[in-house]
$ cat my_file.cif   # mmCIF, C-alpha atoms and all ligand atoms
data_structure
loop_
_atom_site.label_atom_id
_atom_site.label_comp_id
_atom_site.auth_asym_id
_atom_site.auth_seq_id
_atom_site.Cartn_x
_atom_site.Cartn_y
_atom_site.Cartn_z
CA MET A 355 -15.21 12.76 14.93
CA SER A 356 -13.09 9.82 13.85
CA LEU A 357 -13.60 8.57 10.33
CA PRO A 358 -14.96 6.59 8.64
CA ASP A 359 -18.47 7.16 10.03
CA LYS A 360 -20.84 4.29 10.83
CA THR A 361 -21.74 3.85 7.17
CA GLY A 362 -18.09 3.57 6.17
CA HIS A 363 -17.78 7.03 4.65
CA PHE A 364 -14.98 9.56 4.81
CA ASP A 365 -17.10 12.64 4.19
CA GLY A 366 -18.84 11.08 1.18
CA PHE A 367 -15.97 8.87 -0.01
CA GLY A 368 -15.90 5.13 0.65
CA GLY A 369 -19.08 3.19 1.41
CA LYS A 370 -20.17 -0.26 0.27
CA TYR A 371 -21.07 -0.41 -3.39
CA VAL A 372 -21.35 -4.19 -3.64
CA PRO A 373 -23.90 -6.89 -4.58
CA GLU A 374 -26.47 -7.70 -1.89
CA THR A 375 -24.84 -11.09 -1.17
CA LEU A 376 -21.70 -9.39 0.10
CA ILE A 377 -23.37 -6.94 2.47
CA CYS A 378 -23.77 -9.66 5.06
CA ALA A 379 -20.15 -10.75 4.75
CA LEU A 380 -18.95 -7.17 5.09
CA GLU A 381 -21.08 -6.68 8.19
CA GLU A 382 -19.76 -9.88 9.72
CA LEU A 383 -16.20 -8.80 8.94
CA GLU A 384 -16.72 -5.38 10.47
CA LYS A 385 -18.21 -6.86 13.62
CA GLU A 386 -15.40 -9.38 13.97
CA TYR A 387 -12.72 -6.78 13.27
CA CYS A 388 -14.12 -4.36 15.85
CA ALA A 389 -14.27 -7.14 18.44
CA ALA A 390 -10.72 -8.28 17.61
CA LYS A 391 -9.39 -4.72 17.84
CA HIS A 392 -10.49 -4.52 21.45
CA ASP A 393 -9.48 -8.07 22.30
CA LEU A 394 -6.16 -8.08 24.13
CA SER A 395 -5.35 -11.65 23.12
CA PHE A 396 -5.84 -10.84 19.41
CA ARG A 397 -3.58 -7.81 19.70
CA ARG A 398 -0.93 -9.80 21.53
CA GLN A 399 -1.08 -12.51 18.89
CA LEU A 400 -0.72 -9.99 16.05
CA ASP A 401 2.13 -8.21 17.86
CA PHE A 402 3.85 -11.52 18.33
CA TYR A 403 3.81 -12.37 14.61
CA LEU A 404 4.73 -8.83 13.57
CA ARG A 405 7.74 -8.99 15.86
CA GLU A 406 8.93 -12.59 15.69
CA TYR A 407 7.90 -13.51 12.15
CA ALA A 408 7.85 -10.30 10.12
CA GLY A 409 10.70 -8.47 11.89
CA ARG A 410 9.12 -5.44 13.57
CA PRO A 411 9.83 -2.81 14.69
CA THR A 412 11.62 -1.71 11.53
CA PRO A 413 14.45 0.82 11.95
CA LEU A 414 13.96 4.52 11.33
CA TYR A 415 17.29 5.05 9.65
CA PHE A 416 18.95 8.46 9.39
CA SER A 417 20.02 8.61 5.80
CA GLN A 418 23.24 10.54 6.30
CA ASN A 419 24.60 10.61 2.75
CA LEU A 420 21.34 11.43 0.99
CA SER A 421 20.59 14.05 3.64
CA LYS A 422 23.90 15.76 2.99
CA HIS A 423 23.44 15.48 -0.76
CA LEU A 424 20.00 17.14 -0.67
CA GLY A 425 20.33 19.51 2.29
CA LEU A 426 17.48 17.86 4.19
CA ARG A 427 17.38 15.69 7.31
CA ILE A 428 15.98 12.47 5.89
CA TYR A 429 14.93 9.40 7.84
CA LEU A 430 13.96 6.18 6.07
CA LYS A 431 11.26 3.98 7.59
CA ARG A 432 12.72 0.63 6.62
CA GLU A 433 9.69 -1.47 5.62
CA ASP A 434 11.98 -3.00 3.00
CA LEU A 435 13.61 -5.02 5.79
CA LEU A 436 10.43 -6.94 6.62
CA HIS A 437 9.90 -10.60 5.75
CA THR A 438 8.78 -10.86 2.09
CA GLY A 439 10.44 -7.51 1.41
CA ALA A 440 7.64 -4.96 1.77
CA HIS A 441 4.99 -3.51 4.08
CA LYS A 442 2.24 -5.80 2.71
CA ILE A 443 2.90 -8.44 5.38
CA ASN A 444 1.64 -6.05 8.13
CA ASN A 445 -1.82 -6.30 6.64
CA THR A 446 -1.87 -9.94 5.54
CA LEU A 447 -0.85 -11.10 9.03
CA GLY A 448 -3.70 -9.10 10.56
CA GLN A 449 -6.30 -10.33 8.08
CA ALA A 450 -5.16 -13.97 8.24
CA LEU A 451 -5.56 -13.91 12.02
CA LEU A 452 -9.04 -12.48 11.48
CA ALA A 453 -9.85 -15.32 9.05
CA LEU A 454 -8.82 -17.81 11.77
CA ARG A 455 -11.01 -15.98 14.25
CA MET A 456 -13.97 -16.18 11.84
CA LYS A 457 -13.19 -19.91 11.35
CA LYS A 458 -12.79 -19.47 7.60
CA PRO A 459 -10.41 -22.12 6.25
CA ARG A 460 -9.75 -20.40 2.89
CA VAL A 461 -8.36 -17.02 1.89
CA ILE A 462 -8.26 -15.35 -1.52
CA ALA A 463 -6.44 -12.30 -2.78
CA GLU A 464 -5.90 -10.20 -5.89
CA THR A 465 -2.44 -9.26 -7.02
CA GLY A 466 -0.79 -7.16 -9.70
CA ALA A 467 2.96 -7.34 -9.30
CA GLY A 468 2.54 -10.37 -7.10
CA GLN A 469 3.75 -8.70 -3.91
CA HIS A 470 0.40 -8.89 -2.16
CA GLY A 471 -0.12 -12.38 -3.56
CA VAL A 472 3.20 -13.50 -2.08
CA ALA A 473 2.42 -11.86 1.28
CA THR A 474 -0.98 -13.62 1.32
CA ALA A 475 0.43 -17.01 0.25
CA THR A 476 3.06 -16.60 3.00
CA VAL A 477 0.57 -16.12 5.84
CA ALA A 478 -1.69 -18.84 4.40
CA ALA A 479 1.24 -21.27 4.62
CA LEU A 480 2.03 -20.06 8.13
CA PHE A 481 -1.50 -20.58 9.43
CA GLY A 482 -2.50 -23.60 7.33
CA LEU A 483 -5.15 -21.81 5.26
CA LYS A 484 -6.12 -22.72 1.71
CA CYS A 485 -5.17 -19.92 -0.64
CA ALA A 486 -6.12 -18.78 -4.14
CA VAL A 487 -4.59 -15.68 -5.71
CA TYR A 488 -6.23 -13.98 -8.69
CA MET A 489 -3.82 -12.49 -11.17
CA GLY A 490 -4.22 -11.02 -14.66
CA GLU A 491 -2.76 -13.15 -17.44
CA ASP A 492 -0.47 -10.35 -18.60
CA ASP A 493 0.85 -9.87 -15.07
CA ILE A 494 1.48 -13.61 -14.74
CA VAL A 495 3.83 -13.37 -17.72
CA ARG A 496 5.50 -10.16 -16.47
CA GLN A 497 5.94 -11.36 -12.91
CA SER A 498 6.81 -15.01 -13.36
CA LEU A 499 9.19 -15.09 -10.40
CA ASN A 500 6.46 -14.07 -7.95
CA VAL A 501 4.04 -16.57 -9.53
CA TYR A 502 6.59 -19.28 -8.82
CA ARG A 503 7.03 -18.03 -5.23
CA MET A 504 3.28 -18.23 -4.59
CA LYS A 505 3.14 -21.77 -5.97
CA LEU A 506 6.10 -22.81 -3.80
CA LEU A 507 4.19 -21.45 -0.81
CA GLY A 508 1.28 -23.72 -1.70
CA ALA A 509 -1.11 -21.18 -3.21
CA GLU A 510 -3.18 -21.66 -6.33
CA VAL A 511 -2.61 -18.85 -8.83
CA VAL A 512 -5.75 -18.25 -10.88
CA PRO A 513 -5.15 -16.57 -14.26
CA VAL A 514 -7.65 -13.84 -15.17
CA LYS A 515 -8.22 -13.66 -18.90
CA CYS A 516 -10.80 -10.89 -19.19
CA GLY A 517 -10.54 -7.13 -19.63
CA SER A 518 -7.05 -5.67 -19.56
CA LYS A 519 -5.74 -8.89 -17.93
CA THR A 520 -4.18 -6.88 -15.09
CA LEU A 521 -4.85 -5.94 -11.46
CA LYS A 522 -8.23 -4.29 -11.93
CA ASP A 523 -9.65 -7.43 -13.57
CA ALA A 524 -8.02 -9.67 -10.96
CA THR A 525 -9.81 -7.64 -8.25
CA THR A 526 -13.15 -8.03 -10.02
CA GLU A 527 -12.66 -11.81 -10.26
CA ALA A 528 -11.63 -12.09 -6.61
CA LEU A 529 -14.82 -10.24 -5.60
CA ARG A 530 -16.78 -12.70 -7.73
CA ASP A 531 -15.13 -15.69 -6.00
CA TRP A 532 -15.97 -14.14 -2.63
CA VAL A 533 -19.65 -13.77 -3.55
CA THR A 534 -19.73 -17.48 -4.44
CA ASN A 535 -17.72 -18.86 -1.50
CA VAL A 536 -18.40 -16.36 1.22
CA SER A 537 -19.24 -18.90 3.93
CA THR A 538 -15.80 -20.55 3.79
CA THR A 539 -13.64 -17.76 2.43
CA HIS A 540 -12.12 -14.51 3.64
CA TYR A 541 -11.01 -12.04 0.96
CA ILE A 542 -7.69 -10.40 1.94
CA ILE A 543 -7.68 -7.07 0.10
CA GLY A 544 -4.15 -5.74 -0.29
CA SER A 545 -4.56 -2.00 0.14
CA VAL A 546 -6.80 0.67 1.71
CA VAL A 547 -9.32 0.17 -1.11
CA GLY A 548 -12.56 -1.77 -1.60
CA PRO A 549 -15.82 -1.55 0.35
CA HIS A 550 -16.04 -0.64 4.05
CA PRO A 551 -14.57 -1.94 6.38
CA TYR A 552 -11.46 -2.66 4.27
CA PRO A 553 -10.10 0.91 3.92
CA MET A 554 -10.38 1.39 7.70
CA MET A 555 -9.12 -2.07 8.61
CA VAL A 556 -6.12 -2.08 6.26
CA ARG A 557 -5.27 1.45 7.42
CA ASP A 558 -5.31 0.29 11.02
CA PHE A 559 -3.11 -2.73 10.30
CA GLN A 560 -0.63 -0.56 8.39
CA SER A 561 -0.68 2.22 11.01
CA VAL A 562 2.01 0.31 12.86
CA ILE A 563 4.37 2.03 10.38
CA GLY A 564 3.46 5.56 11.47
CA ALA A 565 2.99 4.71 15.14
CA GLU A 566 6.53 3.34 15.32
CA ALA A 567 7.97 6.16 13.22
CA ARG A 568 6.36 8.79 15.45
CA LYS A 569 7.93 7.32 18.60
CA GLN A 570 11.28 6.80 16.88
CA ILE A 571 11.57 10.34 15.51
CA LEU A 572 10.64 11.85 18.88
CA LYS A 573 13.37 9.78 20.48
CA LYS A 574 16.00 10.59 17.85
CA GLU A 575 15.20 14.23 17.09
CA GLY A 576 13.12 15.34 20.04
CA ARG A 577 10.50 16.72 17.68
CA LEU A 578 7.97 15.78 15.01
CA PRO A 579 8.97 15.79 11.33
CA ASP A 580 8.13 18.61 8.93
CA TYR A 581 7.23 16.26 6.08
CA LEU A 582 6.08 12.68 5.58
CA VAL A 583 6.65 11.38 2.06
CA ALA A 584 5.37 8.08 0.64
CA CYS A 585 4.37 6.56 -2.69
CA VAL A 586 0.67 5.97 -3.39
CA GLY A 587 -0.66 2.99 -5.33
CA GLY A 588 -3.83 1.89 -3.56
CA GLY A 589 -2.51 3.99 -0.71
CA SER A 590 -1.73 1.62 2.16
CA ASN A 591 1.93 2.31 3.00
CA SER A 592 1.31 6.05 2.78
CA MET A 593 -1.87 5.90 4.88
CA GLY A 594 -0.09 3.66 7.37
CA LEU A 595 2.62 6.28 7.78
CA PHE A 596 0.31 9.34 7.69
CA HIS A 597 -2.59 8.29 9.88
CA PRO A 598 -0.88 8.31 13.30
CA PHE A 599 0.24 11.89 12.57
CA TYR A 600 -3.23 13.05 11.50
CA ASN A 601 -3.75 15.36 14.45
CA ASP A 602 -0.22 16.77 14.28
CA LYS A 603 -1.35 19.56 12.01
CA LYS A 604 2.14 20.94 11.45
CA VAL A 605 3.33 17.69 9.91
CA LYS A 606 2.77 17.91 6.16
CA PHE A 607 1.83 14.80 4.18
CA ILE A 608 3.00 14.26 0.60
CA GLY A 609 1.75 11.33 -1.48
CA VAL A 610 3.66 10.48 -4.65
CA GLU A 611 1.78 8.91 -7.57
CA ALA A 612 3.06 7.27 -10.73
CA GLY A 613 3.43 9.80 -13.54
CA GLY A 614 4.33 6.98 -15.96
CA LYS A 615 5.28 8.00 -19.49
CA GLY A 616 3.10 11.06 -19.89
CA ARG A 617 -0.11 12.95 -19.16
CA ARG A 618 -2.37 11.23 -21.68
CA PRO A 619 -4.90 8.59 -20.58
CA GLY A 620 -3.29 5.16 -20.40
CA GLU A 621 0.19 6.58 -19.85
CA HIS A 622 0.14 7.02 -16.07
CA ALA A 623 -1.57 6.03 -12.80
CA ALA A 624 -1.97 9.49 -11.25
CA THR A 625 -5.38 8.81 -9.75
CA LEU A 626 -5.51 11.64 -7.21
CA VAL A 627 -3.62 14.22 -9.25
CA THR A 628 -5.64 13.78 -12.46
CA GLY A 629 -8.63 11.52 -11.67
CA LYS A 630 -12.35 12.11 -11.13
CA ILE A 631 -14.76 10.97 -8.45
CA GLY A 632 -16.48 7.66 -9.17
CA VAL A 633 -17.11 4.13 -7.93
CA LEU A 634 -14.67 1.25 -8.39
CA HIS A 635 -14.40 -2.08 -6.58
CA GLY A 636 -17.02 -1.26 -4.00
CA ALA A 637 -16.07 2.25 -2.92
CA LYS A 638 -16.50 5.85 -4.00
CA SER A 639 -13.15 7.56 -4.48
CA ASN A 640 -10.94 9.19 -7.07
CA LEU A 641 -10.34 7.10 -10.15
CA LEU A 642 -9.23 7.21 -13.75
CA GLU A 643 -12.18 6.96 -16.10
CA ASP A 644 -13.06 8.23 -19.54
CA ALA A 645 -15.98 10.45 -20.57
CA PHE A 646 -18.24 7.37 -20.72
CA GLY A 647 -17.39 6.22 -17.20
CA GLN A 648 -15.18 3.37 -18.40
CA ILE A 649 -12.06 2.70 -16.31
CA GLU A 650 -8.98 3.81 -18.17
CA PRO A 651 -5.93 1.63 -18.62
CA THR A 652 -2.94 2.67 -16.53
CA HIS A 653 0.81 2.51 -16.85
CA SER A 654 3.71 2.71 -14.44
CA ILE A 655 7.21 1.29 -14.46
CA SER A 656 6.34 -0.03 -10.99
CA ALA A 657 3.60 -2.64 -11.02
CA GLY A 658 2.64 -1.78 -7.42
CA LEU A 659 1.52 1.72 -8.41
CA ASP A 660 -0.23 0.58 -11.59
CA TYR A 661 -3.88 0.79 -10.43
CA PRO A 662 -6.68 3.11 -11.64
CA GLY A 663 -8.21 3.58 -8.15
CA VAL A 664 -7.06 4.79 -4.75
CA GLY A 665 -8.28 4.47 -1.17
CA PRO A 666 -11.24 6.71 -0.23
CA GLU A 667 -9.44 8.21 2.76
CA HIS A 668 -6.84 9.64 0.39
CA ALA A 669 -9.62 11.21 -1.67
CA TYR A 670 -10.78 12.77 1.60
CA TYR A 671 -7.26 13.94 2.51
CA LYS A 672 -6.97 15.52 -0.92
CA LEU A 673 -10.34 17.24 -0.72
CA THR A 674 -9.61 18.67 2.72
CA GLY A 675 -6.02 19.58 1.89
CA ARG A 676 -4.63 17.42 4.72
CA ALA A 677 -2.27 15.82 2.19
CA THR A 678 -0.72 17.03 -1.05
CA TYR A 679 -0.35 14.67 -4.00
CA VAL A 680 2.29 14.92 -6.70
CA THR A 681 3.53 12.75 -9.55
CA VAL A 682 6.95 11.39 -10.47
CA ASN A 683 7.41 9.82 -13.91
CA ASP A 684 9.09 6.53 -14.86
CA ARG A 685 12.39 8.12 -15.85
CA HIS A 686 12.67 10.08 -12.62
CA ALA A 687 11.70 7.02 -10.56
CA LEU A 688 14.70 5.25 -12.10
CA GLU A 689 16.86 8.22 -11.06
CA GLY A 690 15.50 7.91 -7.52
CA PHE A 691 16.22 4.19 -7.64
CA LYS A 692 19.88 4.83 -8.52
CA LEU A 693 20.25 7.79 -6.18
CA LEU A 694 19.35 5.78 -3.08
CA SER A 695 21.34 2.75 -4.24
CA GLU A 696 24.49 4.80 -4.82
CA THR A 697 24.29 7.16 -1.85
CA GLU A 698 23.11 4.80 0.86
CA GLY A 699 23.75 1.28 -0.39
CA ILE A 700 20.02 0.58 -0.22
CA ILE A 701 18.31 -0.64 -3.41
CA PRO A 702 14.66 0.42 -3.12
CA ALA A 703 11.64 -1.08 -4.87
CA LEU A 704 10.57 1.02 -7.86
CA GLU A 705 7.44 2.15 -5.99
CA PRO A 706 9.22 4.05 -3.17
CA ALA A 707 11.89 5.10 -5.72
CA HIS A 708 9.19 7.54 -6.91
CA ALA A 709 9.10 9.02 -3.41
CA VAL A 710 12.90 9.16 -3.25
CA TYR A 711 13.00 11.22 -6.42
CA HIS A 712 10.42 13.61 -5.04
CA LEU A 713 12.84 14.46 -2.21
CA LEU A 714 15.03 16.07 -4.86
CA GLU A 715 12.18 18.36 -5.89
CA LEU A 716 11.19 18.99 -2.29
CA SER A 717 14.73 19.99 -1.35
CA ARG A 718 14.58 22.86 -3.86
CA LYS A 719 11.43 24.30 -2.32
CA VAL A 720 11.65 23.93 1.43
CA LYS A 721 13.80 25.26 4.27
CA LYS A 722 17.28 23.79 4.47
CA ASN A 723 17.55 20.85 6.86
CA SER A 724 13.79 20.30 7.00
CA LEU A 725 13.05 17.05 8.80
CA VAL A 726 11.58 14.38 6.52
CA ILE A 727 10.43 10.79 7.00
CA LEU A 728 10.23 8.73 3.84
CA CYS A 729 8.43 5.40 3.81
CA LEU A 730 10.75 2.92 2.13
CA SER A 731 7.89 0.53 1.43
CA GLY A 732 9.89 -2.29 -0.15
CA ARG A 733 13.23 -3.53 -1.43
CA GLY A 734 14.36 -3.62 -5.03
CA ASP A 735 15.18 -7.29 -5.63
CA LYS A 736 11.88 -7.89 -7.42
CA ASP A 737 12.64 -5.08 -9.89
CA MET A 738 16.08 -6.16 -11.09
CA GLY A 739 14.63 -7.62 -14.30
CA ILE A 740 12.72 -4.43 -15.16
CA VAL A 741 15.55 -2.04 -14.36
CA SER A 742 18.15 -4.09 -16.19
CA SER A 743 15.99 -4.40 -19.30
CA VAL A 744 15.34 -0.62 -19.35
CA GLU A 745 19.10 -0.16 -19.12
CA GLY A 746 19.61 -2.63 -21.97
CA VAL A 747 21.42 -5.11 -19.73
CA ARG A 748 20.61 -8.81 -20.11
CA LEU A 749 20.73 -10.83 -16.92
C1 LIG T 1 2.18 -2.82 -3.31
C2 LIG T 1 3.29 -1.88 -3.06
C3 LIG T 1 3.08 -0.48 -3.05
C4 LIG T 1 1.77 0.17 -3.38
O1 LIG T 1 0.71 -0.13 -2.55
P1 LIG T 1 0.15 0.87 -1.45
O2 LIG T 1 -1.11 0.24 -1.02
O3 LIG T 1 -0.05 2.21 -2.11
O4 LIG T 1 1.16 0.96 -0.37
C5 LIG T 1 4.14 0.33 -2.73
N1 LIG T 1 5.37 -0.18 -2.47
C6 LIG T 1 5.61 -1.50 -2.50
C7 LIG T 1 6.99 -1.99 -2.21
C8 LIG T 1 4.59 -2.40 -2.78
O5 LIG T 1 4.83 -3.72 -2.83
#
$ encode --input "my_file.cif" --output "structure tokens" --more "lines below"
Ligand SMILES: *Cc1c(COP(=O)(O)O)cnc(C)c1O
Amino acid sequence: MSLPDKTGHFDGFGGKYVPETLICALEELEKEYCAAKHDLSFRRQLDFYLREYAGRPTPLYFSQNLSKHLGLRIYLKREDLLHTGAHKINNTLGQALLALRMKKPRVIAETGAGQHGVATATVAALFGLKCAVYMGEDDIVRQSLNVYRMKLLGAEVVPVKCGSKTLKDATTEALRDWVTNVSTTHYIIGSVVGPHPYPMMVRDFQSVIGAEARKQILKKEGRLPDYLVACVGGGSNSMGLFHPFYNDKKVKFIGVEAGGKGRRPGEHAATLVTGKIGVLHGAKSNLLEDAFGQIEPTHSISAGLDYPGVGPEHAYYKLTGRATYVTVNDRHALEGFKLLSETEGIIPALEPAHAVYHLLELSRKVKKNSLVILCLSGRGDKDMGIVSSVEGVRL
């Protein structure tokens, strides 16, 4: 049976834990999405923008120097080469076209680092939609460059002053806006999280990553890979890579979470590795909460992985053993960042730098020359400020 089931569950994970007023909107969205999925003209339109505007297909690049260095055969799926610099545009293009289809003139989004906010503001500008992006006040200060980008693109950036003033609170506020303005507004969620149908829909939009990679590796190597490796924040770039290989049981999936500064609560964002089952932002999944059920603060050097929840399908993959989840800490992520920069001349975003570092650990455990695809989810330009300040360099 293909998952999620009709109620939006992945064997118990997922669902729709939302206020009554949103149930209708979620049902409308699901109906529209299912119709669009089978509508040839919608698919052609999406393919057109993915190709001509975003830059797909992205290369599957054989990373010759890193491969030699580690004794693996490593291919990089180059999502960093896409317009706006990361995989997020795959999803925002799909959802913006859905908003047009539903005749909703306004879109909203939540953002942490600002990457999803920028990808949403970009497609809103492209399609002439009004756009508001919710962002925690602390993140607005930390990510001022992306705030400026969104404003240049014509979006309104709404500061969120409550709670921890970060992504989790921005998501809560965006849900609140949606409840109020549901007749005119589509909420573009940025990862495979939130209530059904979002985890399924975002997975499908991001599956272009794995579908392309599968064809490309068969062409280049004449066989399927041994390992797929990707970083996991909410879980969309990893799920996008993994999902088209789901039935290829010999292909092993490895998701890499942010180990942050340490194992104590508040020091990391290792939701699947250390979290418990609970409900956050409309879905049942793994999350980081304390003994009283309060969401714990999180930390990661990469803002894109700094989220206390994760998509329900990952919780299902973990439970069933289809994927393995590991952590890489801040310091090692920086090593991964430098390793790829120096060996291949490719500066990765700090999020996939976690996955790059994991290749080092993997290479010590697996057969020599194992075939690996790594999802290079984004480029490093946005992280220059963070990396240089950690290194004590003033720009
Ligand atoms: C947002 C982001 C992530 C984390 O989000 P997922 O939904 O887990 O993919 C990873 N890499 C980059 C470059 C991002 O911008």
$ closest_atom_pairs --input "my_file.cif" --of "chain A" --to "ligand LIG 1 (chain T)" --cutoff "8 Å" --atoms "only C-alpha atoms and all ligand atoms" --output "CSV"
residue,atom,partner,partner_atom,distance
A:Asp434,CA,T:LIG1,C7,7.3
A:Gly439,CA,T:LIG1,C7,7.4
A:Ala440,CA,T:LIG1,C7,5.0
A:His441,CA,T:LIG1,C7,6.8
A:Lys442,CA,T:LIG1,O5,6.5
A:Ala467,CA,T:LIG1,C1,7.5
A:Gln469,CA,T:LIG1,O5,5.2
A:His470,CA,T:LIG1,C1,6.4
A:Gly544,CA,T:LIG1,O2,6.7
A:Ser545,CA,T:LIG1,O2,4.3
A:Val546,CA,T:LIG1,O2,6.3
A:Cys585,CA,T:LIG1,O3,6.2
A:Val586,CA,T:LIG1,O3,4.0
A:Gly587,CA,T:LIG1,O3,3.4
A:Gly588,CA,T:LIG1,O3,4.1
A:Gly589,CA,T:LIG1,O3,3.3
A:Ser590,CA,T:LIG1,O2,3.5
A:Asn591,CA,T:LIG1,O4,3.7
A:Ser592,CA,T:LIG1,O4,6.0
A:Met593,CA,T:LIG1,O4,7.8
A:Ala657,CA,T:LIG1,C1,7.8
A:Gly658,CA,T:LIG1,C1,4.3
A:Leu659,CA,T:LIG1,C4,5.3
A:Val664,CA,T:LIG1,O3,7.9
A:Ala703,CA,T:LIG1,C7,5.4
A:Leu704,CA,T:LIG1,C7,7.3
A:Glu705,CA,T:LIG1,N1,4.7
A:Pro706,CA,T:LIG1,N1,5.8
A:Leu730,CA,T:LIG1,C7,7.6
A:Ser731,CA,T:LIG1,C7,4.5
A:Gly732,CA,T:LIG1,C7,3.6
A:Arg733,CA,T:LIG1,C7,6.5
$ closest_residue --input "my_file.cif" --among "A:Arg455, A:Arg577, A:Lys431, A:His708" --to "Gly690 of chain A" --atoms "all atoms listed in the file"
A:His708
$ residues_around --input "my_file.cif" --residues "Ala408 of chain A" --least-positions-apart "4" --cutoff "6 Å" --atoms "all atoms listed in the file" --output "JSON, numbers by chain"
{"A": [404, 436, 437]}
$ closest_residue --input "my_file.cif" --among "A:Gly629, A:Val710, A:Tyr429, A:Thr361" --to "Gln570 of chain A" --atoms "only C-alpha atoms"
A:Tyr429
$ atom_distance --input "my_file.cif" --atom1 "atom CA of Pro459 of chain A" --atom2 "atom CA of Ala478 of chain A"
9.5 Å
$ atom_distance --input "my_file.cif" --atom1 "atom CA of Pro598 of chain A" --atom2 "atom CA of Leu713 of chain A"
21.6 Å
$ closest_residue --input "my_file.cif" --among "A:Tyr415, A:Tyr552, A:Tyr387, A:Tyr711" --to "Lys692 of chain A" --atoms "only C-alpha atoms"
A:Tyr711
$ closest_atom_pairs --input "my_file.cif" --of "segment 471-497 of chain A" --to "segment 528-536 of chain A" --cutoff "12 Å" --atoms "all atoms listed in the file" --output "CSV"
residue,atom,partner,partner_atom,distance
A:Gly471,CA,A:Ala528,CA,11.9
A:Cys485,CA,A:Ala528,CA,11.8
A:Ala486,CA,A:Ala528,CA,9.0
A:Val487,CA,A:Ala528,CA,8.0
A:Tyr488,CA,A:Ala528,CA,6.1
A:Met489,CA,A:Ala528,CA,9.1
A:Gly490,CA,A:Ala528,CA,11.0
$ write_last_selection --input "my_file.cif" --atoms "C-alpha atoms" --output "mmCIF file, in the coordinates of the input"
data_model
loop_
_atom_site.group_PDB
_atom_site.id
_atom_site.type_symbol
_atom_site.label_atom_id
_atom_site.label_comp_id
_atom_site.auth_asym_id
_atom_site.auth_seq_id
_atom_site.Cartn_x
_atom_site.Cartn_y
_atom_site.Cartn_z
ATOM 1 C CA GLY A 471 -0.120 -12.380 -3.560
ATOM 2 C CA CYS A 485 -5.170 -19.920 -0.640
ATOM 3 C CA ALA A 486 -6.120 -18.780 -4.140
ATOM 4 C CA VAL A 487 -4.590 -15.680 -5.710
ATOM 5 C CA TYR A 488 -6.230 -13.980 -8.690
ATOM 6 C CA MET A 489 -3.820 -12.490 -11.170
ATOM 7 C CA GLY A 490 -4.220 -11.020 -14.660
#
$ residues_around --input "my_file.cif" --residues "segment 515-525 of chain A" --least-positions-apart "5" --cutoff "7 Å" --atoms "all atoms listed in the file" --output "PyMOL selection string"
chain A and resi 464-466+488-493+661
$ atom_distance --input "my_file.cif" --atom1 "atom CA of Gly632 of chain A" --atom2 "atom CA of Pro373 of chain A"
17.0 Å
$ residues_around --input "my_file.cif" --residues "Lys569 of chain A" --least-positions-apart "2" --cutoff "12 Å" --atoms "all atoms listed in the file" --output "PDB file with C-alpha atoms, in the frame of the given file"
ATOM      1  CA  PRO A 411       9.830  -2.810  14.690  1.00  0.00           C
ATOM      2  CA  PRO A 413      14.450   0.820  11.950  1.00  0.00           C
ATOM      3  CA  LEU A 414      13.960   4.520  11.330  1.00  0.00           C
ATOM      4  CA  LYS A 431      11.260   3.980   7.590  1.00  0.00           C
ATOM      5  CA  VAL A 562       2.010   0.310  12.860  1.00  0.00           C
ATOM      6  CA  ILE A 563       4.370   2.030  10.380  1.00  0.00           C
ATOM      7  CA  GLY A 564       3.460   5.560  11.470  1.00  0.00           C
ATOM      8  CA  ALA A 565       2.990   4.710  15.140  1.00  0.00           C
ATOM      9  CA  GLU A 566       6.530   3.340  15.320  1.00  0.00           C
ATOM     10  CA  ALA A 567       7.970   6.160  13.220  1.00  0.00           C
ATOM     11  CA  ILE A 571      11.570  10.340  15.510  1.00  0.00           C
ATOM     12  CA  LEU A 572      10.640  11.850  18.880  1.00  0.00           C
ATOM     13  CA  LYS A 573      13.370   9.780  20.480  1.00  0.00           C
ATOM     14  CA  LYS A 574      16.000  10.590  17.850  1.00  0.00           C
ATOM     15  CA  GLU A 575      15.200  14.230  17.090  1.00  0.00           C
ATOM     16  CA  GLY A 576      13.120  15.340  20.040  1.00  0.00           C
ATOM     17  CA  ARG A 577      10.500  16.720  17.680  1.00  0.00           C
ATOM     18  CA  LEU A 578       7.970  15.780  15.010  1.00  0.00           C
ATOM     19  CA  PRO A 579       8.970  15.790  11.330  1.00  0.00           C
ATOM     20  CA  PRO A 598      -0.880   8.310  13.300  1.00  0.00           C
ATOM     21  CA  PHE A 599       0.240  11.890  12.570  1.00  0.00           C
TER      22      PHE A 599
END
$ closest_residue --input "my_file.cif" --among "A:Lys736, A:Gln449, A:Leu376, A:Met554" --to "Asp359 of chain A" --atoms "only C-alpha atoms"
A:Met554
$ closest_residue --input "my_file.cif" --among "A:Cys729, A:Val747, A:Val610, A:Leu694" --to "Ser421 of chain A" --atoms "only C-alpha atoms"
A:Leu694
